[in-house]
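**Q** Structure supplied as coords36.tsv; contents: TSV, C-alpha atoms and all ligand atoms.
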chain	number	residue	atom	x	y	z
A	268	MET	CA	0.00	0.00	0.00
A	269	LYS	CA	2.78	2.36	1.03
A	270	ARG	CA	4.60	1.54	-2.18
A	271	PHE	CA	1.46	2.40	-4.16
A	272	PHE	CA	1.27	5.87	-2.57
A	273	VAL	CA	4.91	6.52	-3.27
A	274	ALA	CA	4.38	5.51	-6.90
A	275	ALA	CA	1.24	7.69	-7.16
A	276	LEU	CA	3.05	10.63	-5.59
A	277	LEU	CA	5.99	10.21	-7.96
A	278	CYS	CA	3.59	10.07	-10.89
A	279	CYS	CA	1.92	13.33	-9.81
A	280	LEU	CA	5.25	15.05	-9.37
A	281	LEU	CA	6.47	13.95	-12.78
A	282	SER	CA	3.37	15.12	-14.63
A	283	ALA	CA	3.41	18.40	-12.67
A	284	ALA	CA	7.04	18.90	-13.72
A	285	SER	CA	6.13	18.66	-17.40
A	286	VAL	CA	3.25	21.11	-16.90
A	287	TRP	CA	5.65	23.47	-15.14
A	288	ALA	CA	8.28	23.24	-17.89
A	289	LYS	CA	9.10	26.81	-18.70
A	290	GLU	CA	9.43	27.81	-22.33
A	291	GLY	CA	11.46	30.69	-23.61
A	292	THR	CA	12.36	32.11	-27.01
A	293	LEU	CA	15.62	33.42	-28.37
A	294	LEU	CA	15.45	35.45	-31.60
A	295	VAL	CA	18.77	35.64	-33.44
A	296	ALA	CA	19.77	38.09	-36.16
A	297	PHE	CA	23.10	39.19	-37.59
A	298	GLY	CA	22.32	42.61	-36.11
A	299	THR	CA	22.36	46.26	-37.04
A	300	SER	CA	23.74	49.38	-35.40
A	301	VAL	CA	21.65	51.69	-37.62
A	302	SER	CA	18.94	52.94	-35.26
A	303	SER	CA	16.47	53.72	-38.06
A	304	ALA	CA	16.76	50.05	-39.11
A	305	ARG	CA	15.77	48.73	-35.68
A	306	PRO	CA	11.95	48.88	-36.10
A	307	ALA	CA	12.22	45.81	-38.37
A	308	ILE	CA	13.76	43.76	-35.55
A	309	ASP	CA	11.85	45.34	-32.67
A	310	ALA	CA	8.53	44.59	-34.43
A	311	ILE	CA	9.42	40.89	-34.51
A	312	VAL	CA	10.40	40.89	-30.82
A	313	ALA	CA	7.11	42.62	-29.93
A	314	GLU	CA	5.10	40.12	-31.97
A	315	TYR	CA	6.79	37.13	-30.29
A	316	ARG	CA	6.20	38.68	-26.84
A	317	GLU	CA	2.53	38.99	-27.69
A	318	LYS	CA	2.03	35.59	-29.32
A	319	THR	CA	4.31	33.15	-27.48
A	320	THR	CA	4.63	32.08	-23.86
A	321	GLY	CA	7.64	32.75	-21.67
A	322	PRO	CA	10.44	35.28	-21.98
A	323	VAL	CA	11.59	36.44	-25.42
A	324	LEU	CA	15.21	37.55	-25.77
A	325	LEU	CA	17.09	38.98	-28.74
A	326	ALA	CA	20.69	38.17	-29.71
A	327	PHE	CA	22.94	39.52	-32.47
A	328	THR	CA	25.71	37.31	-33.85
A	329	SER	CA	27.93	40.14	-35.12
A	330	ASP	CA	30.67	40.93	-32.55
A	331	ILE	CA	31.42	44.29	-34.20
A	332	ILE	CA	27.79	45.41	-34.04
A	333	ARG	CA	27.37	44.25	-30.43
A	334	LYS	CA	30.51	46.17	-29.42
A	335	LYS	CA	29.24	49.31	-31.15
A	336	LEU	CA	25.84	49.05	-29.46
A	337	ALA	CA	27.39	48.36	-26.04
A	338	ALA	CA	29.57	51.46	-26.42
A	339	ALA	CA	26.45	53.47	-27.27
A	340	GLY	CA	24.75	52.19	-24.10
A	341	GLU	CA	22.31	49.88	-25.95
A	342	PRO	CA	23.72	46.40	-25.36
A	343	VAL	CA	22.29	43.37	-27.15
A	344	PHE	CA	23.01	39.77	-26.06
A	345	SER	CA	25.36	37.37	-27.84
A	346	VAL	CA	23.86	33.90	-28.41
A	347	ASN	CA	25.81	32.48	-25.45
A	348	ALA	CA	24.89	35.33	-23.10
A	349	ALA	CA	21.22	35.09	-24.09
A	350	LEU	CA	21.14	31.31	-23.47
A	351	ASN	CA	22.72	31.89	-20.04
A	352	GLU	CA	20.11	34.56	-19.31
A	353	LEU	CA	17.23	32.25	-20.33
A	354	ALA	CA	18.65	29.58	-18.00
A	355	ALA	CA	18.92	32.17	-15.20
A	356	GLN	CA	15.25	33.00	-15.75
A	357	GLY	CA	14.38	29.34	-15.19
A	358	VAL	CA	13.68	28.44	-18.82
A	359	ASP	CA	14.19	24.77	-19.61
A	360	GLU	CA	12.66	24.48	-23.08
A	361	VAL	CA	14.35	26.89	-25.46
A	362	ARG	CA	13.02	27.81	-28.87
A	363	VAL	CA	15.61	29.58	-30.98
A	364	GLN	CA	14.35	31.37	-34.08
A	365	SER	CA	16.78	32.28	-36.83
A	366	LEU	CA	15.87	35.66	-38.34
A	367	HIS	CA	18.10	34.99	-41.34
A	368	VAL	CA	16.67	35.13	-44.86
A	369	ALA	CA	18.35	31.99	-46.22
A	370	PRO	CA	19.82	28.84	-44.66
A	371	ALA	CA	23.28	30.16	-45.47
A	372	GLU	CA	26.58	30.56	-43.65
A	373	GLU	CA	25.26	32.86	-40.90
A	374	TYR	CA	22.54	30.34	-40.10
A	375	SER	CA	24.98	27.39	-40.05
A	376	GLN	CA	27.14	29.36	-37.62
A	377	LEU	CA	24.12	29.81	-35.34
A	378	GLU	CA	23.51	26.04	-35.27
A	379	ARG	CA	27.17	25.46	-34.41
A	380	MET	CA	27.05	28.09	-31.62
A	381	ILE	CA	24.07	26.38	-30.00
A	382	VAL	CA	25.53	22.89	-30.26
A	383	ARG	CA	28.76	24.14	-28.68
A	384	HIS	CA	26.83	25.91	-25.91
A	385	VAL	CA	24.75	22.88	-24.89
A	386	THR	CA	27.74	20.56	-25.18
A	387	ARG	CA	29.71	22.75	-22.80
A	388	LYS	CA	26.78	23.10	-20.41
A	389	PRO	CA	24.87	19.83	-20.47
A	390	GLY	CA	21.73	19.37	-18.39
A	391	VAL	CA	20.71	23.05	-18.27
A	392	PHE	CA	17.90	22.78	-20.84
A	393	THR	CA	15.60	19.83	-21.47
A	394	SER	CA	15.22	20.78	-25.12
A	395	VAL	CA	16.60	23.28	-27.61
A	396	LYS	CA	14.62	23.66	-30.82
A	397	VAL	CA	15.67	25.83	-33.73
A	398	GLY	CA	13.25	27.38	-36.22
A	399	TYR	CA	14.48	27.54	-39.81
A	400	PRO	CA	15.25	30.84	-41.57
A	401	LEU	CA	12.73	32.61	-43.80
A	402	LEU	CA	13.23	30.69	-47.05
A	403	VAL	CA	13.47	26.92	-46.75
A	404	SER	CA	10.55	25.66	-48.83
A	405	GLU	CA	8.68	26.36	-52.06
A	406	ARG	CA	5.71	27.41	-49.90
A	407	ASP	CA	7.87	29.95	-48.05
A	408	LEU	CA	9.02	31.36	-51.35
A	409	ASP	CA	5.44	31.74	-52.66
A	410	THR	CA	4.43	33.54	-49.47
A	411	VAL	CA	7.47	35.80	-49.45
A	412	VAL	CA	7.02	36.79	-53.12
A	413	SER	CA	3.39	37.77	-52.59
A	414	VAL	CA	3.80	39.64	-49.29
A	415	VAL	CA	6.89	41.56	-50.46
A	416	LEU	CA	5.22	42.68	-53.70
A	417	ALA	CA	2.07	43.64	-51.78
A	418	ALA	CA	4.22	45.84	-49.52
A	419	LEU	CA	4.75	48.28	-52.43
A	420	PRO	CA	1.23	49.73	-52.73
A	421	GLN	CA	2.36	52.97	-54.36
A	422	ARG	CA	4.03	51.20	-57.25
A	423	ARG	CA	2.42	52.23	-60.54
A	424	LYS	CA	1.82	50.10	-63.61
A	425	GLY	CA	5.07	49.84	-65.60
A	426	ASP	CA	7.31	50.54	-62.59
A	427	ALA	CA	10.08	48.02	-62.08
A	428	VAL	CA	11.25	46.68	-58.72
A	429	VAL	CA	14.81	45.74	-57.78
A	430	LEU	CA	15.27	43.77	-54.58
A	431	MET	CA	18.64	43.79	-52.82
A	432	GLY	CA	19.53	40.54	-51.07
A	433	HIS	CA	22.78	40.03	-49.19
A	434	GLY	CA	24.34	36.85	-50.62
A	435	ASN	CA	27.85	35.54	-50.04
A	436	ASP	CA	30.40	33.22	-51.59
A	437	ARG	CA	30.49	30.81	-48.66
A	438	GLY	CA	27.91	28.08	-48.20
A	439	PRO	CA	24.70	27.34	-50.08
A	440	GLY	CA	22.85	30.63	-49.51
A	441	ASP	CA	23.32	31.96	-53.04
A	442	LEU	CA	21.29	29.07	-54.44
A	443	THR	CA	18.31	30.09	-52.30
A	444	LEU	CA	18.63	33.69	-53.45
A	445	ALA	CA	18.90	32.59	-57.10
A	446	ALA	CA	15.66	30.61	-56.62
A	447	ALA	CA	14.06	33.69	-55.04
A	448	ALA	CA	15.21	35.85	-57.98
A	449	THR	CA	13.62	33.40	-60.42
A	450	ALA	CA	10.36	33.21	-58.42
A	451	PHE	CA	9.98	37.01	-58.20
A	452	HIS	CA	10.70	37.47	-61.90
A	453	LYS	CA	8.23	34.70	-62.81
A	454	ALA	CA	5.52	36.26	-60.63
A	455	ASP	CA	6.14	39.67	-62.19
A	456	PRO	CA	8.51	40.17	-65.17
A	457	LEU	CA	9.33	43.71	-63.99
A	458	VAL	CA	10.79	42.47	-60.70
A	459	TRP	CA	14.46	41.52	-60.32
A	460	LEU	CA	16.50	40.39	-57.33
A	461	ALA	CA	20.27	40.81	-57.06
A	462	THR	CA	22.72	40.62	-54.15
A	463	VAL	CA	25.46	42.84	-52.67
A	464	GLU	CA	27.86	39.92	-52.37
A	465	GLY	CA	27.99	36.52	-54.00
A	466	ALA	CA	26.97	35.33	-57.44
A	467	ASN	CA	23.68	37.18	-58.08
A	468	SER	CA	25.25	40.49	-59.07
A	469	PHE	CA	23.40	43.69	-59.99
A	470	ASP	CA	25.64	43.85	-63.10
A	471	LYS	CA	23.39	41.20	-64.64
A	472	VAL	CA	20.19	43.10	-63.81
A	473	LEU	CA	21.00	46.62	-64.99
A	474	PRO	CA	21.07	45.72	-68.73
A	475	GLN	CA	17.74	43.91	-68.33
A	476	LEU	CA	16.18	47.01	-66.74
A	477	LYS	CA	17.37	49.10	-69.69
A	478	ALA	CA	16.15	46.51	-72.22
A	479	ALA	CA	12.69	46.47	-70.58
A	480	GLY	CA	12.43	50.22	-71.18
A	481	VAL	CA	11.25	51.01	-67.64
A	482	LYS	CA	11.24	54.57	-66.33
A	483	ARG	CA	10.87	54.18	-62.56
A	484	VAL	CA	12.61	51.54	-60.46
A	485	TRP	CA	11.55	50.79	-56.89
A	486	LEU	CA	14.45	49.76	-54.68
A	487	GLN	CA	13.50	47.34	-51.92
A	488	PRO	CA	15.93	45.69	-49.46
A	489	PHE	CA	15.55	41.91	-49.39
A	490	MET	CA	17.13	41.75	-45.95
A	491	LEU	CA	15.66	41.67	-42.45
A	492	VAL	CA	16.51	45.33	-41.90
A	493	ALA	CA	16.96	48.38	-44.09
A	494	GLY	CA	20.39	48.96	-42.56
A	495	ASP	CA	23.83	49.86	-43.79
A	496	HIS	CA	23.59	48.02	-47.15
A	497	ALA	CA	20.15	49.51	-47.91
A	498	ARG	CA	21.19	53.04	-47.02
A	499	ASN	CA	24.55	53.00	-48.77
A	500	ASP	CA	24.94	50.23	-51.37
A	501	LEU	CA	21.30	50.40	-52.49
A	502	ALA	CA	20.12	53.98	-52.11
A	503	GLY	CA	23.24	55.97	-51.14
A	504	PRO	CA	24.63	58.97	-53.05
A	505	GLU	CA	27.92	57.26	-54.04
A	506	GLU	CA	28.50	56.71	-57.74
A	507	ASP	CA	28.47	52.92	-57.44
A	508	SER	CA	25.23	52.60	-55.43
A	509	TRP	CA	22.42	50.86	-57.32
A	510	ALA	CA	20.34	54.05	-57.19
A	511	SER	CA	23.16	56.08	-58.80
A	512	ARG	CA	23.76	53.47	-61.48
A	513	ILE	CA	20.02	53.36	-62.29
A	514	ARG	CA	19.93	57.18	-62.47
A	515	ALA	CA	23.06	57.22	-64.68
A	516	ALA	CA	21.24	54.83	-67.03
A	517	GLY	CA	18.40	57.35	-67.42
A	518	MET	CA	15.84	55.81	-65.05
A	519	THR	CA	14.39	57.16	-61.79
A	520	PRO	CA	15.19	55.18	-58.62
A	521	VAL	CA	12.50	55.13	-55.92
A	522	PRO	CA	14.05	53.83	-52.68
A	523	HIS	CA	11.64	52.03	-50.36
A	524	LEU	CA	13.76	51.55	-47.26
A	525	VAL	CA	11.61	49.13	-45.31
A	526	GLY	CA	13.21	45.97	-43.89
A	527	LEU	CA	11.52	42.60	-44.38
A	528	GLY	CA	10.87	42.49	-40.61
A	529	GLN	CA	8.53	45.46	-41.01
A	530	ILE	CA	6.22	43.45	-43.28
A	531	THR	CA	3.42	41.68	-41.34
A	532	GLY	CA	3.36	38.58	-43.58
A	533	ILE	CA	7.11	38.07	-43.06
A	534	ARG	CA	6.73	38.19	-39.27
A	535	GLU	CA	3.89	35.66	-39.54
A	536	LEU	CA	6.12	33.34	-41.56
A	537	PHE	CA	8.85	33.47	-38.90
A	538	LEU	CA	6.23	32.65	-36.24
A	539	ASP	CA	5.01	29.79	-38.40
A	540	HIS	CA	8.56	28.44	-38.65
A	541	SER	CA	8.94	28.64	-34.86
A	542	ARG	CA	5.88	26.42	-34.53
A	543	HIS	CA	6.23	24.03	-37.46
A	544	ALA	CA	9.63	24.22	-39.16
A	545	VAL	CA	11.84	23.32	-36.25
A	546	ILE	CA	14.66	20.93	-35.68
A	547	GLU	CA	15.39	19.52	-32.26
A	548	LEU	CA	19.00	20.57	-32.34
A	549	ALA	CA	20.01	19.27	-28.97
A	550	ARG	CA	18.42	17.29	-26.20
A	551	PRO	CA	21.19	17.70	-23.68
A	552	GLY	CA	19.51	15.42	-21.13
A	553	LYS	CA	19.22	12.47	-23.49
A	554	ALA	CA	21.62	10.58	-25.72
A	555	ASP	CA	19.95	9.77	-29.06
A	601	CO	CO	27.06	42.71	-45.30
Would you kindly transcribe this structure into C-alpha cells?

**A**
Amino acid sequence: MKRFFVAALLCCLLSAASVWAKEGTLLVAFGTSVSSARPAIDAIVAEYREKTTGPVLLAFTSDIIRKKLAAAGEPVFSVNAALNELAAQGVDEVRVQSLHVAPAEEYSQLERMIVRHVTRKPGVFTSVKVGYPLLVSERDLDTVVSVVLAALPQRRKGDAVVLMGHGNDRGPGDLTLAAAATAFHKADPLVWLATVEGANSFDKVLPQLKAAGVKRVWLQPFMLVAGDHARNDLAGPEEDSWASRIRAAGMTPVPHLVGLGQITGIRELFLDHSRHAVIELARPGKAD
C-alpha cells in the first residue's frame, strides 16, 4: 500500500514537472547598429512577446555590431549570453528562431554556436529547438514573393522593382537567393533580385532594366533590416550605389527603405517556422 502511494506521488510530481516546464524564445539576427533600421527587428520581438509564452530575448551574432551598441549604451546579447540569461530565468525548453533570410553561412554558424553551448553546459535545458530561416521551402518562397510585392502599394503600372539581397560566396545561400530571384521574376517580369555579395550580381540586372524600357525603379531591401547596405549600397549617393547606377542609365530610382521584418506577412512566416519548421537541435539530457 505504502509503495502504491509513493508511486502515485511520484507520478503526480512527474506530470506536474512537465506542466511546469518553462518555455522561452531566443530570436537571433546578424544585427544592425543603424537605429532607423531597428523597427524591423523590434517589431518581430514585440510580436513574439505577444504571441508566445515565456520570456523572449534577442541576440545579435555580429561581434562588431554588439561592441558598437554596447559602447552606445544599448547592449544586445550574444547567443551564449542570451542562453545563459534564459537559464537564469528558469527556462528549460528553449526555442531559438533564426531571423536569417536563407539557410546560409550565418545560419549554419548559429547552429554550431548552439551545439557548442549545450555541449559545454549539459543538463541546463531539457530541449533546444531551432526554427528555420525565412526561405526553406517552395511554400515559403510563394508567401514571401506575394507579401513583399504587396508591400509596395504605391508602385504604378510599368514601374520596375529591384530587390537587394545580401548573398555571399560561402555556403549554399546563393542558391536560395537565385531561386528567389527566379520566383519574383516569374511572378512579375518587372521584378528583379540581385545581391550585394555573391553570385547574383546587380551587373546582370542593370542591362535587363534598360532593355525592358522602364522609367521608374523601386528599390527594396531583401534583408531583415533596411540597414547599412540599404542606405549605402542600395540607395546611397555614391556613384556605385544601385540608385546612382540606375539614375546614370536614365531611369528614376524610388528607394523604399523598409526591412523585411517590417512586413506583417514576413513576421507571420517566422512565427510559423517557430511552430512548425523546427529541428530539435540538442536534447542535452538524453543521448539519441
Ligand atoms: Co554585409

**Q** For the atom pair atom CA of Ala502 of chain A and atom CA of Pro522 of chain A, what is the interatomic distance in Å to one decimal place?

**A**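 Atom CA of Ala502 of chain A sits 6.1 Å away from atom CA of Pro522 of chain A.
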
**Q** List all protein, DNA and RNA residues that have an atom no more than 9 Å from any atom of ligand CO 601 (chain A), counting all atoms listed in the file, and report them as a list in words.

**A**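 With all atoms listed in the file and a cut-off of 9 Å, ligand CO 601 (chain A) is contacted by His433, Gly434, Asn435, Val463, Glu464, Asp495 and His496 of chain A.
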
**Q** Pick out the closest residue to Phe537 of chain A from this set: A:Asp407, A:Asp330, A:Asp455, A:Asp507. Count all atoms listed in the file.

**A**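 That would be A:Asp407, the residue with the smallest distance to Phe537 of chain A.
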
**Q** So which one's closest to Ala304 of chain A, A:Val363, A:Ala493, A:Ile530, A:Leu501? Using only C-alpha atoms, please.

**A**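 Closest residue, counting only C-alpha atoms: A:Ala493.
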
**Q** Using only C-alpha atoms, which residue out of A:Arg305, A:Arg483, A:Lys318, A:Arg514 lies closest to Arg422 of chain A?

**A**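 Among the listed residues, the smallest separation from Arg422 of chain A belongs to A:Arg483.
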
**Q** For a cut-off of 9 Å around (22.7, 52.4, -34.4), file coordinates, pick out all residues using only C-alpha atoms and list them as a list in words.

**A** Thr299, Ser300, Val301, Ser302, Ser303, Ala304, Arg305, Ile332, Lys335, Leu336, Ala339 and Glu341 of chain A

**Q** Find, counting only C-alpha atoms, the residue in A:Arg316, A:Pro488, A:Ala445, A:His367 that gets nearest to His540 of chain A.

**A**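 Using only C-alpha atoms, the shortest distance to His540 of chain A belongs to A:His367.
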
**Q** Please determine, counting all atoms listed in the file, which residue among A:Thr410, A:Gln376, A:Thr393, A:Ser404 has the shortest atom-to-atom distance to Arg534 of chain A.

**A**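 Closest to Arg534 of chain A, using all atoms listed in the file: A:Thr410.
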
**Q** Which of these, A:Asp309, A:Glu506, A:Phe469, A:Val385, has the shortest distance to Gly528 of chain A once you count only C-alpha atoms?

**A**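 The answer is A:Asp309, which sits nearest to Gly528 of chain A.
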
**Q** What is the distance between atom CA of Val458 of chain A and atom CA of Glu535 of chain A, in Å to one decimal?

**A**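 Here the two named atoms are 23.3 Å from each other.
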
**Q** Considering all atoms listed in the file, return as a PyMOL selection string whatever protein or nucleic-acid residues lie within 12 Å of segment 369-373 of chain A, sequence-local ones (same chain, fewer than 5 positions apart) excluded.

**A** chain A and resi 295-298+327-329+378-380+398-404+407-408+411+432-447+465+489-491
